[in-house]
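> The structure under discussion is supplied below as structure tokens; questions concerning it will follow.
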Amino acid sequence: MSVFAHLYGELDTTLDKNNFGQGGLVIGPAGQALRGFLQTVSSLVWMLIDMVAEMIDHMRRGRLPFRRQIFFQQTDRAGLGSVPLVCMVTFFLGLTMALLTGYQLRTFGTERLVPGLITIAFWRELGPLMTSVVIAARIGASYTAELGTMTVSEEVEAIEAMGIGPLRFLVGPRLIALVLLMPCLVVMANLAALLGTFLICQLSFNMNLNVFIDLVKEALILKDVVQGTGKSVLFALLIALIACYRGLTVKGGAAGVGTATTSSVVTSITTVIGFDTFINMQQVGVF
Amino acid sequence: MADEPPDGPLVEIEDLVLRFGDKTVLDGVNLQVQRGERLVVMGQSGSGKSTLLRLILGILRPTSGRVRFAGHDVTQLARRDLNRMRSRIGMVYQYSALISSLNVRDNLALPLEELTDTPTAEIDKMVSERLEAVGMSGSESKLPAELSGGMRKRIGLARALMLKPELILYDEPSAGLDPVISSVVDSLIIETSQANDASGIIVTHEMESAFRIATRMAMLYEGRIILDDVPDAFRHSENPIVAQFVSGSTAGPIQ
């Protein structure tokens with residue numbers, strides 16, 4: 001059993017239908033799934049608290065919370081290294097959306113709405129969401145695989161056994177690099193989407209750059225920019241936490257690393273979409 | 001951490017029980033390690049020997065019982081105090097557990113750089129000294145993947161010595177090594193524990209190594225310590241389990 005699987009509690013599979021009396025067969029699996037979910041959530045929260053505590057303890061001794069070199073490696077990997085892929089995805093998405101909506105709106109002679117529509121859609125919603133999906137697949141997967149391999153080869157345990165604190169040493173720089181760079185990536189992604197939109201607007205609807213910029217500026221409000229980039233910070237935190245947690249609690253050798261990596265990407269993406277839906281519902285006043 | 005009692009055993013294990021679900025790994029283990037002692041813990045594969053080391057380090061939490069290191073109850077320490085305590089214990093892993101992305105120099109320097117304010121020049125000097133002590137001088141720039149199993153084990157030992165620990169835990173130090181390298185590693189364990197005045201708990205099931213290293217031995221069987229005595233008592237034990245294990249015979253109570 002890995003250090004962190006033990007530290008943050010493992011789902012005890014012996015606790016099933018026997019603990020739910022007569023209706024055990026029905027309630028048991030559901031109860032166990034709920035228990036597993038709650039356990040994972042509490043583990044993620046405790047991991048974050050322990051990481052911050054380790055970092056504060058280290059800083060109290062007059063040191064940086066983690067190695068500068070590892071932090072810059074991670075910022076390079078998560079930030080700069082992700083720019084081409086993130087921008088390419090949103091460029092083509094912006095281009096496609098402009099094309100499809102533009103041709104529909106043209107029927108009513110309202111294709112001038114395209115730049116504003118795409119601007120609102122990306123700055124408020126699609127920019128943070130698409131960037132998070134790409135980052136979960138590209139960076140979250142690599143965090144899980146890397147930490148998972150280190151866990152399997154007892155490297156994480158060795159760091160723990162030396163009293164260095166793997167949460168501060170390994171999770172800290174990865175999490176903070178991603179949290180700091182995600183808003184930057186979202187801005188780049190949104191700009192790439194607008195570039196794609198502009199190409200369609202110019203080629204298909206004969207819209208010149210000045211008109212396009214004026215229409216974008218008309219639609220762009222500060223609240224959308226702040227909310228969009230703001231929620232990307234939360235998404236980055238979720239992706240990094242889930243990815244590192246899955247990596248540190250890997251079981252079962254190389255196959256376990258593969259399973260954990262898949263699980264990390266799936267969990268990160270669904271969690272981000274879930275939180276995004278909740279934030280949107282809250283914003284439109286459902287709650 | 002609170003003040004430490006000056007005397008008394010360095011490690012004290014009381015009624016230690018560890019269960020994973022239905023499986024009982026340790027079922028009431030009692031052990032003591034005095035300062036300067038090299039205790040060899042023997043037992044079959046999967047008998048919980050390595051698990052015992054992880055309980056001493058506080059990496060695993062027991063189901064019940066106590067583990068005390070220098071008077072501190074490891075099972076009750078907060079994570080911060082636990083980390084401070086761990087810096088006083090060295091651990092040598094069966095497969096070395098060197099950080100694969102760091103070269104030998106950085107692997108050895110890691111605990112010093114992370115936990116002390118030692119200047120870089122002094123760290124480099126200490127790294128060279130430790131490498132020389134384990135017969136690996138000049139390997140500073142090599143990556144763990146470029147080293148053989150025996151070499152990695154020696155580097156693992158050198159890393160465990162970097163913080164001048166009071167206790168060194170060895171998990172199967174000679175497993176998978178040829179007899180010559182195995183003897184070299186055994187000699188290193190004895191030399192380094194004497195030179196650094198460190199106690200040692202060595203987990204092994206290799207009898208030749210065990211008798212070479214031990215000042216005291218304990219045998220773990222079915223979750224309990226069935227004999228805890230000097231090596232000679234093990235050589236001449238009439239306990240059928242111990243006798244079979246020491247002789248390596250297939251006939252006896254161990255199946």
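To be explicit about the labels: the chains of the structure tokens are called A, B, and onward in the order shown, and within each one the residues are counted from 1, while ligands get numbers from 1 in the order they are shown.
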Residues of chain B no more than 6 Å from chain A, counting only C-alpha atoms: send them over as a PDB file with C-alpha atoms, in the first residue's frame.

ATOM      1  CA  ASN B  83       8.832  14.744   9.762  1.00  0.00           C
ATOM      2  CA  ARG B  86      12.146  11.037  10.544  1.00  0.00           C
ATOM      3  CA  SER B  87      15.206  13.185   9.856  1.00  0.00           C
ATOM      4  CA  ALA B  97      14.353   4.033  -3.931  1.00  0.00           C
ATOM      5  CA  ILE B  99      15.043   9.567  -7.021  1.00  0.00           C
TER       6      ILE B  99
END
> Using only C-alpha atoms, determine which residues lie at most 7 Å from region 226-235 of chain B, disregarding the query and same-chain residues fewer than 2 positions distant; provide the list as a PyMOL selection string.
chain B and resi 211+214-221+224+237+242
> With only C-alpha atoms as the counted atoms, please give the residues lying no more than 6 Å from region 60-70 of chain B, apart from itself and same-chain residues fewer than 3 positions off, as a PyMOL selection string.
chain B and resi 10-18+54-55+73-74
> One decimal, in Å: what's the spacing between CA of Phe212 (chain A) and CA of Val186 (chain A)?
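Computing it gives 20.7 Å between the two atoms.
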> What is the distance, in Å and to one decimal place, between CA of Leu180 (chain A) and CA of Ser264 (chain A)?
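Answer for the CA of Leu180 (chain A) to CA of Ser264 (chain A) separation: 20.6 Å.
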> Write out as a PDB file with N, CA and C atoms, in the first residue's frame all residues of region 54-212 of chain B that DSSP puts in strand (DSSP E or B) for this structure's backbone.

ATOM      1  N   SER B  64      -3.523  -0.933  16.559  1.00  0.00           N
ATOM      2  CA  SER B  64      -3.392  -0.632  17.991  1.00  0.00           C
ATOM      3  C   SER B  64      -1.948  -0.857  18.415  1.00  0.00           C
ATOM      4  N   GLY B  65      -1.629  -0.437  19.638  1.00  0.00           N
ATOM      5  CA  GLY B  65      -0.254  -0.586  20.134  1.00  0.00           C
ATOM      6  C   GLY B  65       0.541   0.692  19.979  1.00  0.00           C
ATOM      7  N   ARG B  66       1.773   0.634  20.470  1.00  0.00           N
ATOM      8  CA  ARG B  66       2.604   1.847  20.447  1.00  0.00           C
ATOM      9  C   ARG B  66       3.979   1.576  19.854  1.00  0.00           C
ATOM     10  N   VAL B  67       4.511   2.622  19.197  1.00  0.00           N
ATOM     11  CA  VAL B  67       5.901   2.597  18.728  1.00  0.00           C
ATOM     12  C   VAL B  67       6.552   3.857  19.289  1.00  0.00           C
ATOM     13  N   ARG B  68       7.591   3.682  20.072  1.00  0.00           N
ATOM     14  CA  ARG B  68       8.278   4.862  20.613  1.00  0.00           C
ATOM     15  C   ARG B  68       9.667   4.946  20.018  1.00  0.00           C
ATOM     16  N   PHE B  69      10.036   6.163  19.591  1.00  0.00           N
ATOM     17  CA  PHE B  69      11.404   6.405  19.143  1.00  0.00           C
ATOM     18  C   PHE B  69      11.976   7.493  20.045  1.00  0.00           C
ATOM     19  N   HIS B  72       9.499   9.230  22.148  1.00  0.00           N
ATOM     20  CA  HIS B  72       8.312   9.848  21.533  1.00  0.00           C
ATOM     21  C   HIS B  72       7.409   8.777  20.936  1.00  0.00           C
ATOM     22  N   ASP B  73       6.122   8.901  21.198  1.00  0.00           N
ATOM     23  CA  ASP B  73       5.169   7.955  20.642  1.00  0.00           C
ATOM     24  C   ASP B  73       4.905   8.322  19.179  1.00  0.00           C
ATOM     25  N   ILE B  89      16.216   9.381  11.489  1.00  0.00           N
ATOM     26  CA  ILE B  89      16.241   7.957  11.126  1.00  0.00           C
ATOM     27  C   ILE B  89      16.607   7.837   9.652  1.00  0.00           C
ATOM     28  N   GLY B  90      17.504   6.918   9.334  1.00  0.00           N
ATOM     29  CA  GLY B  90      17.842   6.668   7.928  1.00  0.00           C
ATOM     30  C   GLY B  90      17.165   5.388   7.481  1.00  0.00           C
ATOM     31  N   MET B  91      16.776   5.344   6.228  1.00  0.00           N
ATOM     32  CA  MET B  91      16.122   4.125   5.728  1.00  0.00           C
ATOM     33  C   MET B  91      16.805   3.691   4.431  1.00  0.00           C
ATOM     34  N   VAL B  92      17.207   2.427   4.395  1.00  0.00           N
ATOM     35  CA  VAL B  92      17.793   1.869   3.176  1.00  0.00           C
ATOM     36  C   VAL B  92      16.772   0.889   2.592  1.00  0.00           C
ATOM     37  N   LEU B 167      19.376   6.100  14.089  1.00  0.00           N
ATOM     38  CA  LEU B 167      18.872   4.762  13.789  1.00  0.00           C
ATOM     39  C   LEU B 167      18.823   4.588  12.275  1.00  0.00           C
ATOM     40  N   ILE B 168      19.311   3.438  11.809  1.00  0.00           N
ATOM     41  CA  ILE B 168      19.201   3.162  10.371  1.00  0.00           C
ATOM     42  C   ILE B 168      18.369   1.881  10.194  1.00  0.00           C
ATOM     43  N   LEU B 169      17.377   1.986   9.319  1.00  0.00           N
ATOM     44  CA  LEU B 169      16.516   0.838   9.030  1.00  0.00           C
ATOM     45  C   LEU B 169      16.914   0.277   7.669  1.00  0.00           C
ATOM     46  N   TYR B 170      17.143  -1.004   7.613  1.00  0.00           N
ATOM     47  CA  TYR B 170      17.554  -1.654   6.356  1.00  0.00           C
ATOM     48  C   TYR B 170      16.482  -2.646   5.944  1.00  0.00           C
ATOM     49  N   ASP B 171      15.939  -2.460   4.752  1.00  0.00           N
ATOM     50  CA  ASP B 171      14.927  -3.390   4.254  1.00  0.00           C
ATOM     51  C   ASP B 171      15.591  -4.322   3.240  1.00  0.00           C
ATOM     52  N   SER B 199      22.317   2.980  15.720  1.00  0.00           N
ATOM     53  CA  SER B 199      21.683   1.674  15.894  1.00  0.00           C
ATOM     54  C   SER B 199      21.116   1.243  14.545  1.00  0.00           C
ATOM     55  N   GLY B 200      20.817  -0.040  14.443  1.00  0.00           N
ATOM     56  CA  GLY B 200      20.269  -0.502  13.163  1.00  0.00           C
ATOM     57  C   GLY B 200      19.197  -1.561  13.363  1.00  0.00           C
ATOM     58  N   ILE B 201      18.183  -1.510  12.531  1.00  0.00           N
ATOM     59  CA  ILE B 201      17.217  -2.618  12.469  1.00  0.00           C
ATOM     60  C   ILE B 201      17.292  -3.137  11.041  1.00  0.00           C
ATOM     61  N   ILE B 202      17.692  -4.382  10.922  1.00  0.00           N
ATOM     62  CA  ILE B 202      17.909  -4.953   9.598  1.00  0.00           C
ATOM     63  C   ILE B 202      16.888  -6.065   9.374  1.00  0.00           C
ATOM     64  N   VAL B 203      16.124  -5.893   8.316  1.00  0.00           N
ATOM     65  CA  VAL B 203      15.119  -6.890   7.974  1.00  0.00           C
ATOM     66  C   VAL B 203      15.687  -7.780   6.873  1.00  0.00           C
TER      67      VAL B 203
END
> Among region 38-170 of chain B, which ones does DSSP place in alpha helix (DSSP H), written as a PyMOL selection string?
chain B and resi 49-56+79-86+104-115+120-133+149-161
> Name all residues at most 9 Å from region 103-112 of chain B (count only C-alpha atoms; drop same-chain ones fewer than 2 positions away) and give them as a ChimeraX atom specification.
/A:159,162-164 /B:87,98-101,114-118,120,123-124,126-128,130-131,139-144,155-156,158-163
> Which residue out of B:Ser187, B:Ser182, B:Ser137, B:Ser96 has the minimum interatomic distance to Leu157 (chain B) when only C-alpha atoms are used?
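So, comparing all the options, the nearest one is B:Ser96.
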> As a ChimeraX atom specification, please: the residues near Val233 (chain A) (cut-off 7 Å, only C-alpha atoms, same-chain neighbours under 4 positions excluded).
/A:179,182-183,229,237
> Save out the residues we just selected, N, CA and C atoms, as a PDB file, in the first residue's frame.

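What follows is the written file selection.pdb:
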ATOM      1  N   VAL A 179      -1.954  26.681 -11.045  1.00  0.00           N
ATOM      2  CA  VAL A 179      -2.909  27.704 -10.596  1.00  0.00           C
ATOM      3  C   VAL A 179      -2.508  29.091 -11.119  1.00  0.00           C
ATOM      4  N   MET A 182      -2.837  29.049 -15.284  1.00  0.00           N
ATOM      5  CA  MET A 182      -4.121  28.769 -15.942  1.00  0.00           C
ATOM      6  C   MET A 182      -4.801  30.045 -16.460  1.00  0.00           C
ATOM      7  N   PRO A 183      -4.920  31.127 -15.665  1.00  0.00           N
ATOM      8  CA  PRO A 183      -5.547  32.338 -16.200  1.00  0.00           C
ATOM      9  C   PRO A 183      -4.828  32.866 -17.441  1.00  0.00           C
ATOM     10  N   THR A 229     -11.714  34.163 -16.070  1.00  0.00           N
ATOM     11  CA  THR A 229     -10.339  33.827 -15.654  1.00  0.00           C
ATOM     12  C   THR A 229     -10.326  33.418 -14.187  1.00  0.00           C
ATOM     13  N   LEU A 237      -6.873  24.393  -9.728  1.00  0.00           N
ATOM     14  CA  LEU A 237      -6.685  23.808  -8.395  1.00  0.00           C
ATOM     15  C   LEU A 237      -7.274  22.395  -8.357  1.00  0.00           C
TER      16      LEU A 237
END
> List the neighbours of Gly258 (chain A) out to 12 Å using only C-alpha atoms; skip same-chain residues closer than 2 positions along the sequence, and give me the result as a PyMOL selection string.
chain A and resi 141-142+144-149+152+246-247+250-256+260-265
> What's around Ala198 (chain B) at 6 Å? Count only C-alpha atoms, leave out sequence neighbours fewer than 4 positions away in its own chain, and write the answer as a list in words.
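Near neighbours after the sequence-gap exclusion: Gly36, Glu166, Leu167 and Ser193 of chain B.
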> Save out the residues we just selected, C-alpha atoms, as a PDB file, in the first residue's frame.

ATOM      1  CA  GLY B  36      24.309   1.009  19.433  1.00  0.00           C
ATOM      2  CA  GLU B 166      20.685   7.728  15.289  1.00  0.00           C
ATOM      3  CA  LEU B 167      18.872   4.762  13.789  1.00  0.00           C
ATOM      4  CA  SER B 193      26.840   1.790  12.177  1.00  0.00           C
TER       5      SER B 193
END
